[in-house]
Every structure is written in C-alpha cells, then in structure tokens.
$ cat work_33.pdb   # PDB, C-alpha atoms and all ligand atoms
ATOM      1  CA  MET B  25      -7.354 -31.153   3.111  1.00  0.00           C
ATOM      2  CA  LYS B  26      -6.639 -33.941   5.588  1.00  0.00           C
ATOM      3  CA  ASP B  27      -9.694 -35.232   7.391  1.00  0.00           C
ATOM      4  CA  SER B  28      -9.066 -33.739  10.834  1.00  0.00           C
ATOM      5  CA  PRO B  29     -11.797 -32.797  13.278  1.00  0.00           C
ATOM      6  CA  GLY B  30     -11.605 -29.224  14.544  1.00  0.00           C
ATOM      7  CA  LEU B  31     -10.211 -27.767  11.298  1.00  0.00           C
ATOM      8  CA  THR B  32     -12.395 -25.498   9.145  1.00  0.00           C
ATOM      9  CA  PRO B  33     -11.219 -24.427   5.663  1.00  0.00           C
ATOM     10  CA  LEU B  34     -10.576 -20.673   5.524  1.00  0.00           C
ATOM     11  CA  ILE B  35      -8.362 -19.868   2.501  1.00  0.00           C
ATOM     12  CA  THR B  36      -7.948 -22.318  -0.361  1.00  0.00           C
ATOM     13  CA  THR B  37      -4.767 -23.287  -2.194  1.00  0.00           C
ATOM     14  CA  THR B  38      -6.081 -21.593  -5.331  1.00  0.00           C
ATOM     15  CA  GLN B  39      -6.835 -18.349  -3.479  1.00  0.00           C
ATOM     16  CA  ILE B  40      -3.312 -18.359  -2.031  1.00  0.00           C
ATOM     17  CA  ARG B  41      -1.717 -18.999  -5.424  1.00  0.00           C
ATOM     18  CA  LYS B  42      -3.669 -16.191  -7.105  1.00  0.00           C
ATOM     19  CA  ARG B  43      -2.965 -13.712  -4.320  1.00  0.00           C
ATOM     20  CA  ILE B  44       0.771 -14.505  -4.343  1.00  0.00           C
ATOM     21  CA  ALA B  45       0.875 -13.767  -8.077  1.00  0.00           C
ATOM     22  CA  VAL B  46      -0.567 -10.305  -7.398  1.00  0.00           C
ATOM     23  CA  LEU B  47       1.786  -9.612  -4.453  1.00  0.00           C
ATOM     24  CA  ALA B  48       4.809 -10.769  -6.443  1.00  0.00           C
ATOM     25  CA  GLY B  49       3.800  -8.463  -9.296  1.00  0.00           C
ATOM     26  CA  GLN B  50       3.582  -5.475  -6.945  1.00  0.00           C
ATOM     27  CA  ILE B  51       6.900  -6.279  -5.251  1.00  0.00           C
ATOM     28  CA  SER B  52       8.663  -6.836  -8.581  1.00  0.00           C
ATOM     29  CA  HIS B  53       7.359  -3.485  -9.812  1.00  0.00           C
ATOM     30  CA  ASP B  54       8.330  -1.606  -6.621  1.00  0.00           C
ATOM     31  CA  PHE B  55      11.864  -3.051  -6.444  1.00  0.00           C
ATOM     32  CA  ASP B  56      12.670  -3.006 -10.127  1.00  0.00           C
ATOM     33  CA  SER B  57      16.304  -1.933  -9.791  1.00  0.00           C
ATOM     34  CA  ARG B  58      19.602  -3.626 -10.577  1.00  0.00           C
ATOM     35  CA  GLU B  59      20.365  -4.346  -6.917  1.00  0.00           C
ATOM     36  CA  PRO B  60      19.060  -7.730  -5.811  1.00  0.00           C
ATOM     37  CA  LEU B  61      16.272  -7.446  -3.228  1.00  0.00           C
ATOM     38  CA  MET B  62      17.213  -9.108   0.076  1.00  0.00           C
ATOM     39  CA  ILE B  63      14.415 -11.459   1.100  1.00  0.00           C
ATOM     40  CA  VAL B  64      14.501 -12.315   4.810  1.00  0.00           C
ATOM     41  CA  SER B  65      12.155 -15.179   5.584  1.00  0.00           C
ATOM     42  CA  ILE B  66      11.009 -15.488   9.203  1.00  0.00           C
ATOM     43  CA  LEU B  67      10.989 -19.158  10.181  1.00  0.00           C
ATOM     44  CA  LYS B  68       9.410 -21.453  10.767  1.00  0.00           C
ATOM     45  CA  GLY B  69       5.985 -20.287   9.683  1.00  0.00           C
ATOM     46  CA  SER B  70       6.925 -18.489   6.462  1.00  0.00           C
ATOM     47  CA  PHE B  71       8.889 -21.288   4.766  1.00  0.00           C
ATOM     48  CA  MET B  72       6.100 -22.239   2.342  1.00  0.00           C
ATOM     49  CA  PHE B  73       4.988 -18.677   1.599  1.00  0.00           C
ATOM     50  CA  THR B  74       8.594 -17.621   0.949  1.00  0.00           C
ATOM     51  CA  ALA B  75       9.193 -20.532  -1.425  1.00  0.00           C
ATOM     52  CA  ASP B  76       6.098 -19.680  -3.478  1.00  0.00           C
ATOM     53  CA  LEU B  77       6.621 -15.907  -3.349  1.00  0.00           C
ATOM     54  CA  VAL B  78      10.241 -15.899  -4.576  1.00  0.00           C
ATOM     55  CA  ARG B  79       9.350 -18.185  -7.471  1.00  0.00           C
ATOM     56  CA  ALA B  80       6.695 -15.690  -8.577  1.00  0.00           C
ATOM     57  CA  LEU B  81       9.021 -12.648  -8.483  1.00  0.00           C
ATOM     58  CA  SER B  82      10.391 -11.316 -11.768  1.00  0.00           C
ATOM     59  CA  ILE B  83      13.314  -9.435 -10.173  1.00  0.00           C
ATOM     60  CA  PRO B  84      16.621 -10.757  -8.812  1.00  0.00           C
ATOM     61  CA  CYS B  85      16.760 -11.452  -5.082  1.00  0.00           C
ATOM     62  CA  THR B  86      18.859 -13.068  -2.395  1.00  0.00           C
ATOM     63  CA  ILE B  87      17.242 -15.204   0.301  1.00  0.00           C
ATOM     64  CA  ASP B  88      18.161 -15.339   3.988  1.00  0.00           C
ATOM     65  CA  PHE B  89      16.450 -16.746   7.046  1.00  0.00           C
ATOM     66  CA  LEU B  90      15.942 -15.727  10.659  1.00  0.00           C
ATOM     67  CA  GLN B  91      14.082 -17.826  13.169  1.00  0.00           C
ATOM     68  CA  ALA B  92      11.750 -16.041  15.566  1.00  0.00           C
ATOM     69  CA  SER B  93       9.714 -17.897  18.133  1.00  0.00           C
ATOM     70  CA  SER B  94       7.290 -16.619  20.751  1.00  0.00           C
ATOM     71  CA  TYR B  95       4.272 -18.940  20.679  1.00  0.00           C
ATOM     72  CA  GLY B  96       5.963 -22.298  21.310  1.00  0.00           C
ATOM     73  CA  THR B  97       3.147 -24.786  21.896  1.00  0.00           C
ATOM     74  CA  ARG B  98       0.707 -22.048  22.974  1.00  0.00           C
ATOM     75  CA  ARG B  99      -2.027 -20.321  20.992  1.00  0.00           C
ATOM     76  CA  SER B 100      -1.150 -16.926  22.431  1.00  0.00           C
ATOM     77  CA  SER B 101       2.141 -15.037  22.442  1.00  0.00           C
ATOM     78  CA  SER B 102       4.494 -15.649  25.370  1.00  0.00           C
ATOM     79  CA  GLY B 103       5.477 -11.977  25.128  1.00  0.00           C
ATOM     80  CA  THR B 104       9.140 -12.854  24.546  1.00  0.00           C
ATOM     81  CA  VAL B 105      10.572 -13.298  21.057  1.00  0.00           C
ATOM     82  CA  ALA B 106      13.635 -15.518  20.675  1.00  0.00           C
ATOM     83  CA  ILE B 107      15.520 -14.564  17.484  1.00  0.00           C
ATOM     84  CA  THR B 108      18.163 -16.930  16.122  1.00  0.00           C
ATOM     85  CA  GLY B 109      20.320 -16.668  13.030  1.00  0.00           C
ATOM     86  CA  SER B 110      22.847 -14.118  11.923  1.00  0.00           C
ATOM     87  CA  ILE B 111      22.497 -12.117   8.722  1.00  0.00           C
ATOM     88  CA  THR B 112      24.133  -8.964   7.350  1.00  0.00           C
ATOM     89  CA  VAL B 113      21.690  -6.345   6.075  1.00  0.00           C
ATOM     90  CA  LYS B 114      23.836  -3.191   6.068  1.00  0.00           C
ATOM     91  CA  GLY B 115      23.158  -1.149   2.935  1.00  0.00           C
ATOM     92  CA  ARG B 116      20.605  -3.653   1.581  1.00  0.00           C
ATOM     93  CA  HIS B 117      16.973  -3.226   0.572  1.00  0.00           C
ATOM     94  CA  VAL B 118      15.297  -5.803   2.827  1.00  0.00           C
ATOM     95  CA  LEU B 119      11.890  -7.438   2.418  1.00  0.00           C
ATOM     96  CA  LEU B 120      10.816  -9.301   5.570  1.00  0.00           C
ATOM     97  CA  VAL B 121       8.534 -12.198   4.698  1.00  0.00           C
ATOM     98  CA  GLU B 122       6.155 -13.309   7.458  1.00  0.00           C
ATOM     99  CA  ASP B 123       3.353 -15.851   7.494  1.00  0.00           C
ATOM    100  CA  ILE B 124       1.221 -13.877   9.940  1.00  0.00           C
ATOM    101  CA  ILE B 125       1.200 -10.632  11.908  1.00  0.00           C
ATOM    102  CA  ASP B 126      -0.948 -10.993  15.010  1.00  0.00           C
ATOM    103  CA  THR B 127      -0.045  -8.889  18.076  1.00  0.00           C
ATOM    104  CA  GLY B 128       2.790  -7.361  16.010  1.00  0.00           C
ATOM    105  CA  LEU B 129       5.392  -8.210  18.659  1.00  0.00           C
ATOM    106  CA  THR B 130       7.536 -10.522  16.507  1.00  0.00           C
ATOM    107  CA  ILE B 131       7.801  -8.204  13.513  1.00  0.00           C
ATOM    108  CA  ASN B 132       8.574  -5.181  15.723  1.00  0.00           C
ATOM    109  CA  ARG B 133      11.361  -7.095  17.484  1.00  0.00           C
ATOM    110  CA  ILE B 134      12.859  -8.180  14.151  1.00  0.00           C
ATOM    111  CA  VAL B 135      12.713  -4.709  12.623  1.00  0.00           C
ATOM    112  CA  ASP B 136      14.379  -3.206  15.738  1.00  0.00           C
ATOM    113  CA  HIS B 137      17.031  -5.952  15.633  1.00  0.00           C
ATOM    114  CA  LEU B 138      17.858  -5.385  11.942  1.00  0.00           C
ATOM    115  CA  ARG B 139      17.716  -1.561  12.022  1.00  0.00           C
ATOM    116  CA  LEU B 140      20.827  -1.567  14.227  1.00  0.00           C
ATOM    117  CA  GLN B 141      22.759  -2.708  11.131  1.00  0.00           C
ATOM    118  CA  GLN B 142      21.550   0.242   9.020  1.00  0.00           C
ATOM    119  CA  PRO B 143      19.912  -1.420   6.021  1.00  0.00           C
ATOM    120  CA  SER B 144      18.980   0.928   3.130  1.00  0.00           C
ATOM    121  CA  SER B 145      15.302   0.087   3.672  1.00  0.00           C
ATOM    122  CA  ILE B 146      13.068  -2.473   5.380  1.00  0.00           C
ATOM    123  CA  ARG B 147       9.659  -3.441   3.985  1.00  0.00           C
ATOM    124  CA  ILE B 148       7.257  -6.045   5.329  1.00  0.00           C
ATOM    125  CA  CYS B 149       5.289  -8.647   3.391  1.00  0.00           C
ATOM    126  CA  THR B 150       2.880 -10.894   5.288  1.00  0.00           C
ATOM    127  CA  LEU B 151       0.572 -13.567   3.964  1.00  0.00           C
ATOM    128  CA  LEU B 152      -1.946 -13.055   6.775  1.00  0.00           C
ATOM    129  CA  ASP B 153      -2.768 -10.023   8.898  1.00  0.00           C
ATOM    130  CA  LYS B 154      -4.969  -9.983  12.003  1.00  0.00           C
ATOM    131  CA  PRO B 155      -5.413  -6.223  12.600  1.00  0.00           C
ATOM    132  CA  ALA B 156      -7.946  -6.784  15.424  1.00  0.00           C
ATOM    133  CA  ALA B 157      -5.281  -8.561  17.496  1.00  0.00           C
ATOM    134  CA  ARG B 158      -2.638  -5.834  17.214  1.00  0.00           C
ATOM    135  CA  ARG B 159      -0.912  -4.737  20.449  1.00  0.00           C
ATOM    136  CA  PHE B 160       2.277  -3.367  18.876  1.00  0.00           C
ATOM    137  CA  PRO B 161       1.794  -1.050  15.873  1.00  0.00           C
ATOM    138  CA  CYS B 162       2.653  -2.401  12.452  1.00  0.00           C
ATOM    139  CA  THR B 163       1.276  -1.690   9.001  1.00  0.00           C
ATOM    140  CA  PRO B 164       2.639  -4.237   6.510  1.00  0.00           C
ATOM    141  CA  ASP B 165       3.632  -2.948   3.075  1.00  0.00           C
ATOM    142  CA  TYR B 166       2.247  -6.071   1.353  1.00  0.00           C
ATOM    143  CA  THR B 167      -0.593  -8.194   2.766  1.00  0.00           C
ATOM    144  CA  GLY B 168      -2.054 -11.376   1.343  1.00  0.00           C
ATOM    145  CA  PHE B 169      -5.253 -11.659   3.374  1.00  0.00           C
ATOM    146  CA  ARG B 170      -6.740  -9.805   6.344  1.00  0.00           C
ATOM    147  CA  ILE B 171      -8.413 -12.281   8.683  1.00  0.00           C
ATOM    148  CA  ASP B 172     -10.494 -12.118  11.860  1.00  0.00           C
ATOM    149  CA  ASN B 173      -8.969 -12.683  15.274  1.00  0.00           C
ATOM    150  CA  ILE B 174      -9.055 -16.485  15.090  1.00  0.00           C
ATOM    151  CA  PHE B 175      -6.250 -19.035  15.397  1.00  0.00           C
ATOM    152  CA  VAL B 176      -5.257 -20.465  12.021  1.00  0.00           C
ATOM    153  CA  ALA B 177      -2.893 -23.149  10.753  1.00  0.00           C
ATOM    154  CA  GLY B 178      -1.671 -24.703   7.508  1.00  0.00           C
ATOM    155  CA  TYR B 179       0.573 -23.473   4.673  1.00  0.00           C
ATOM    156  CA  GLY B 180       3.522 -23.257   7.096  1.00  0.00           C
ATOM    157  CA  LEU B 181       1.589 -22.229  10.207  1.00  0.00           C
ATOM    158  CA  ASP B 182       1.290 -24.715  13.056  1.00  0.00           C
ATOM    159  CA  ASP B 183      -0.890 -25.671  15.947  1.00  0.00           C
ATOM    160  CA  ARG B 184       1.551 -27.251  18.409  1.00  0.00           C
ATOM    161  CA  GLU B 185       3.812 -28.124  15.424  1.00  0.00           C
ATOM    162  CA  ARG B 186       0.945 -29.836  13.548  1.00  0.00           C
ATOM    163  CA  TYR B 187      -0.554 -28.892  10.164  1.00  0.00           C
ATOM    164  CA  ARG B 188       2.393 -26.913   8.715  1.00  0.00           C
ATOM    165  CA  GLU B 189       2.298 -29.201   5.671  1.00  0.00           C
ATOM    166  CA  LEU B 190      -1.297 -28.379   4.676  1.00  0.00           C
ATOM    167  CA  PRO B 191      -1.474 -26.569   1.292  1.00  0.00           C
ATOM    168  CA  CYS B 192      -4.284 -24.267   2.504  1.00  0.00           C
ATOM    169  CA  ILE B 193      -5.172 -22.169   5.567  1.00  0.00           C
ATOM    170  CA  VAL B 194      -7.619 -23.589   8.126  1.00  0.00           C
ATOM    171  CA  ALA B 195      -9.227 -22.192  11.261  1.00  0.00           C
ATOM    172  CA  VAL B 196      -8.406 -24.263  14.333  1.00  0.00           C
ATOM    173  CA  GLU B 197     -11.123 -24.896  16.888  1.00  0.00           C
ATOM    174  CA  ARG B 198     -10.151 -23.622  20.337  1.00  0.00           C
TER     175      ARG B 198
HETATM  176  O1  LIG G   1       2.489 -10.902  15.724  1.00  0.00           O
HETATM  177  P1  LIG G   1       2.825 -11.940  16.725  1.00  0.00           P
HETATM  178  O2  LIG G   1       1.779 -12.012  17.833  1.00  0.00           O
HETATM  179  O3  LIG G   1       4.191 -11.807  17.293  1.00  0.00           O
HETATM  180  O4  LIG G   1       2.700 -13.350  16.012  1.00  0.00           O
HETATM  181  C1  LIG G   1       3.273 -13.643  14.761  1.00  0.00           C
HETATM  182  C2  LIG G   1       4.350 -14.667  14.843  1.00  0.00           C
HETATM  183  O5  LIG G   1       3.845 -15.867  15.423  1.00  0.00           O
HETATM  184  C3  LIG G   1       4.263 -16.977  14.650  1.00  0.00           C
HETATM  185  O6  LIG G   1       5.545 -17.414  15.052  1.00  0.00           O
HETATM  186  P2  LIG G   1       5.785 -18.517  16.208  1.00  0.00           P
HETATM  187  O7  LIG G   1       6.329 -17.861  17.431  1.00  0.00           O
HETATM  188  O8  LIG G   1       4.541 -19.342  16.379  1.00  0.00           O
HETATM  189  O9  LIG G   1       6.953 -19.394  15.594  1.00  0.00           O
HETATM  190  P3  LIG G   1       6.908 -20.365  14.313  1.00  0.00           P
HETATM  191  O10 LIG G   1       6.816 -19.472  13.093  1.00  0.00           O
HETATM  192  O11 LIG G   1       8.205 -21.079  14.378  1.00  0.00           O
HETATM  193  O12 LIG G   1       5.715 -21.276  14.441  1.00  0.00           O
HETATM  194  C4  LIG G   1       4.327 -16.433  13.245  1.00  0.00           C
HETATM  195  O13 LIG G   1       5.165 -17.199  12.421  1.00  0.00           O
HETATM  196  C5  LIG G   1       4.817 -15.025  13.447  1.00  0.00           C
HETATM  197  O14 LIG G   1       6.241 -14.950  13.377  1.00  0.00           O
HETATM  198  N1  LIG G   2      -0.253 -20.954  13.747  1.00  0.00           N
HETATM  199  C1  LIG G   2      -0.476 -19.690  14.127  1.00  0.00           C
HETATM  200  N2  LIG G   2       0.516 -18.942  14.605  1.00  0.00           N
HETATM  201  C2  LIG G   2       0.206 -17.687  14.985  1.00  0.00           C
HETATM  202  N3  LIG G   2       1.009 -16.750  15.503  1.00  0.00           N
HETATM  203  C3  LIG G   2       0.242 -15.681  15.715  1.00  0.00           C
HETATM  204  N4  LIG G   2      -1.016 -15.895  15.363  1.00  0.00           N
HETATM  205  C4  LIG G   2      -1.053 -17.152  14.891  1.00  0.00           C
HETATM  206  C5  LIG G   2      -2.108 -17.969  14.365  1.00  0.00           C
HETATM  207  O1  LIG G   2      -3.283 -17.584  14.232  1.00  0.00           O
HETATM  208  N5  LIG G   2      -1.748 -19.222  14.008  1.00  0.00           N
END

$ encode --input "work_33.pdb" --output "structure tokens"
Amino acid sequence: MKDSPGLTPLITTTQIRKRIAVLAGQISHDFDSREPLMIVSILKGSFMFTADLVRALSIPCTIDFLQASSYGTRRSSSGTVAITGSITVKGRHVLLVEDIIDTGLTINRIVDHLRLQQPSSIRICTLLDKPAARRFPCTPDYTGFRIDNIFVAGYGLDDRERYRELPCIVAVER
C-alpha cells in the first residue's frame, strides 16, 4: 500500500481475491443457463471489482455500465443520485455489481430505474456492505465483506477521487 498518513489497512488484496473466487463460484452456479447473464457495473467505484469478478465467472455474460453518483467530494450521501448511461435490460437476467452499499439509496434508485424496463430478474452483488448505515432497505444477494460504519477507500473506491487505484481496501481517517 502507498505510504499515506490517515489510511489504515482493512481488507488485503489476497482476501479480496479469495472472496471473489467464492462469489464467482456461487454466481456461476446460480446462473448456469444458456442465456448470458447481464452484468451491470455501477461506476465509478465498481470498475475494479467488476473486472476481477467477470474474469472469475465460468458462465457466459455480457457487461454494461451505468454511472451513479451521490457522494461527489463528500463522505456522506447528498441524498440525490444522478444516474447516467442508457442500457436495455428488458427480458434479461441482470446482476448489478456495486463496490459498496451504505445507506442503500443508490442501489434502490438503480433498481427502480431498471425495473421500469421489465427485466426477467435483478440480483445484486456488492463487494462491501455496511448494514449499520442502511436508511433504505436492501439485502444484497451476494456480498463480499460486511464492514462497520466507517469510510473506506481503495480497490475502486475513492476519497475525493483519491485512492481508487489501491489494490486493497483501507479505512480513511475522518
Ligand atoms: O448506499 P449509498 O449510501 O447510496 O452509497 C453507495 C454508493 O456510493 C458510492 O458511489 P459515489 O456516489 O461515491 O460515486 P462513485 O462510485 O463514482 O465514487 C458507491 O460507489 C455506491 O454506488
Ligand atoms: N469511497 C467510499 N464511498 C462510499 N459510498 C458510500 N460509502 C462509502 C465509503 O465508505 N467509501
């Protein structure tokens, strides 16, 4: 990890790699049909997780992206989710891939947005879950790690656009 004051290691690169192998095994088992699974990666935070997860799957998939932003340069949600990108999910089995579910606002907004198009199913896979921070109900179908209500960065997640490139998850000092 880069030598930066205020960052405390939380989840190592090895732990992430091992956990993704398990998640990918479960997903591949659950969606073992001839139809390709539609992966929808929620940017920016999930770019690294998505790249590692899809490479570990043993089933065919397609990969699309939506961008959702509500934190901006803050460490708490603005309460408004801006969704950009246009994808077609009608009749597809969709797996939303998130880096983190915190208040639950972002994932709820995305699910509501996509349901209007009548997909065959929507499932949620998140690398990190902060159940203690939840304000909008959401129970992910696949979870990498449950963490305490602390602000984290690395492996795609930012603190004011910094640290996305780190290969591990760190806690950021407030
Ligand atoms: O459950 P919530 O409280 O809604 O928080 C989770 C969302 O917050 C982060 O996105 P952010 O708005 O920071 O955008 P980014 O992924 O581009 O950094 C993260 O990537 C999730 O999408
Ligand atoms: N980087 C980052 N983004 C978040 N979005 C919601 N919670 C978090 C968090 O802990 N870290």

$ resolve_selection --input "work_33.pdb" --expression "the PyMOL selection byres (((chain B and resi 81) around 12) and not hetatm)" --output "ChimeraX atom specification"
/B:44-56,60-61,63,74-80,82-86

$ residues_around --input "work_33.pdb" --residues "Thr36 (chain B)" --least-positions-apart "5" --cutoff "12 Å" --atoms "all atoms listed in the file" --output "mmCIF file with C-alpha atoms, keeping the file's coordinate frame"
data_model
loop_
_atom_site.group_PDB
_atom_site.id
_atom_site.type_symbol
_atom_site.label_atom_id
_atom_site.label_comp_id
_atom_site.auth_asym_id
_atom_site.auth_seq_id
_atom_site.Cartn_x
_atom_site.Cartn_y
_atom_site.Cartn_z
ATOM 1 C CA MET B 25 -7.354 -31.153 3.111
ATOM 2 C CA ARG B 41 -1.717 -18.999 -5.424
ATOM 3 C CA LYS B 42 -3.669 -16.191 -7.105
ATOM 4 C CA ARG B 43 -2.965 -13.712 -4.320
ATOM 5 C CA PHE B 169 -5.253 -11.659 3.374
ATOM 6 C CA GLY B 178 -1.671 -24.703 7.508
ATOM 7 C CA TYR B 179 0.573 -23.473 4.673
ATOM 8 C CA LEU B 190 -1.297 -28.379 4.676
ATOM 9 C CA PRO B 191 -1.474 -26.569 1.292
ATOM 10 C CA CYS B 192 -4.284 -24.267 2.504
ATOM 11 C CA ILE B 193 -5.172 -22.169 5.567
ATOM 12 C CA VAL B 194 -7.619 -23.589 8.126
ATOM 13 C CA ALA B 195 -9.227 -22.192 11.261
#

$ closest_residue --input "work_33.pdb" --among "B:Pro164, B:Pro33, B:Gly109, B:Gly180" --to "ligand LIG 1 (chain G)" --atoms "all atoms listed in the file"
B:Gly180

$ resolve_selection --input "work_33.pdb" --expression "the PyMOL selection byres (((chain B and resi 111-115) around 9) and not hetatm)" --output "ChimeraX atom specification"
/B:62,64,88-90,109-110,116-118,138-145

$ write_last_selection --input "work_33.pdb" --atoms "C-alpha atoms" --output "short mmCIF file (atom, residue, chain, number, x, y, z; two decimals), in the coordinates of the input"
data_model
loop_
_atom_site.label_atom_id
_atom_site.label_comp_id
_atom_site.auth_asym_id
_atom_site.auth_seq_id
_atom_site.Cartn_x
_atom_site.Cartn_y
_atom_site.Cartn_z
CA MET B 62 17.21 -9.11 0.08
CA VAL B 64 14.50 -12.32 4.81
CA ASP B 88 18.16 -15.34 3.99
CA PHE B 89 16.45 -16.75 7.05
CA LEU B 90 15.94 -15.73 10.66
CA GLY B 109 20.32 -16.67 13.03
CA SER B 110 22.85 -14.12 11.92
CA ARG B 116 20.60 -3.65 1.58
CA HIS B 117 16.97 -3.23 0.57
CA VAL B 118 15.30 -5.80 2.83
CA LEU B 138 17.86 -5.38 11.94
CA ARG B 139 17.72 -1.56 12.02
CA LEU B 140 20.83 -1.57 14.23
CA GLN B 141 22.76 -2.71 11.13
CA GLN B 142 21.55 0.24 9.02
CA PRO B 143 19.91 -1.42 6.02
CA SER B 144 18.98 0.93 3.13
CA SER B 145 15.30 0.09 3.67
#

$ residues_near_ligand --input "work_33.pdb" --ligand "ligand LIG 1 (chain G)" --cutoff "10 Å" --atoms "only C-alpha atoms and all ligand atoms" --output "JSON, numbers by chain"
{"B": [65, 66, 67, 68, 69, 70, 71, 91, 92, 93, 94, 95, 96, 97, 98, 99, 100, 101, 102, 103, 104, 105, 106, 107, 121, 122, 123, 124, 125, 126, 127, 128, 129, 130, 131, 132, 133, 134, 150, 152, 153, 154, 155, 157, 158, 159, 160, 161, 162, 177, 180, 181, 182, 183, 184, 185, 186, 188]}
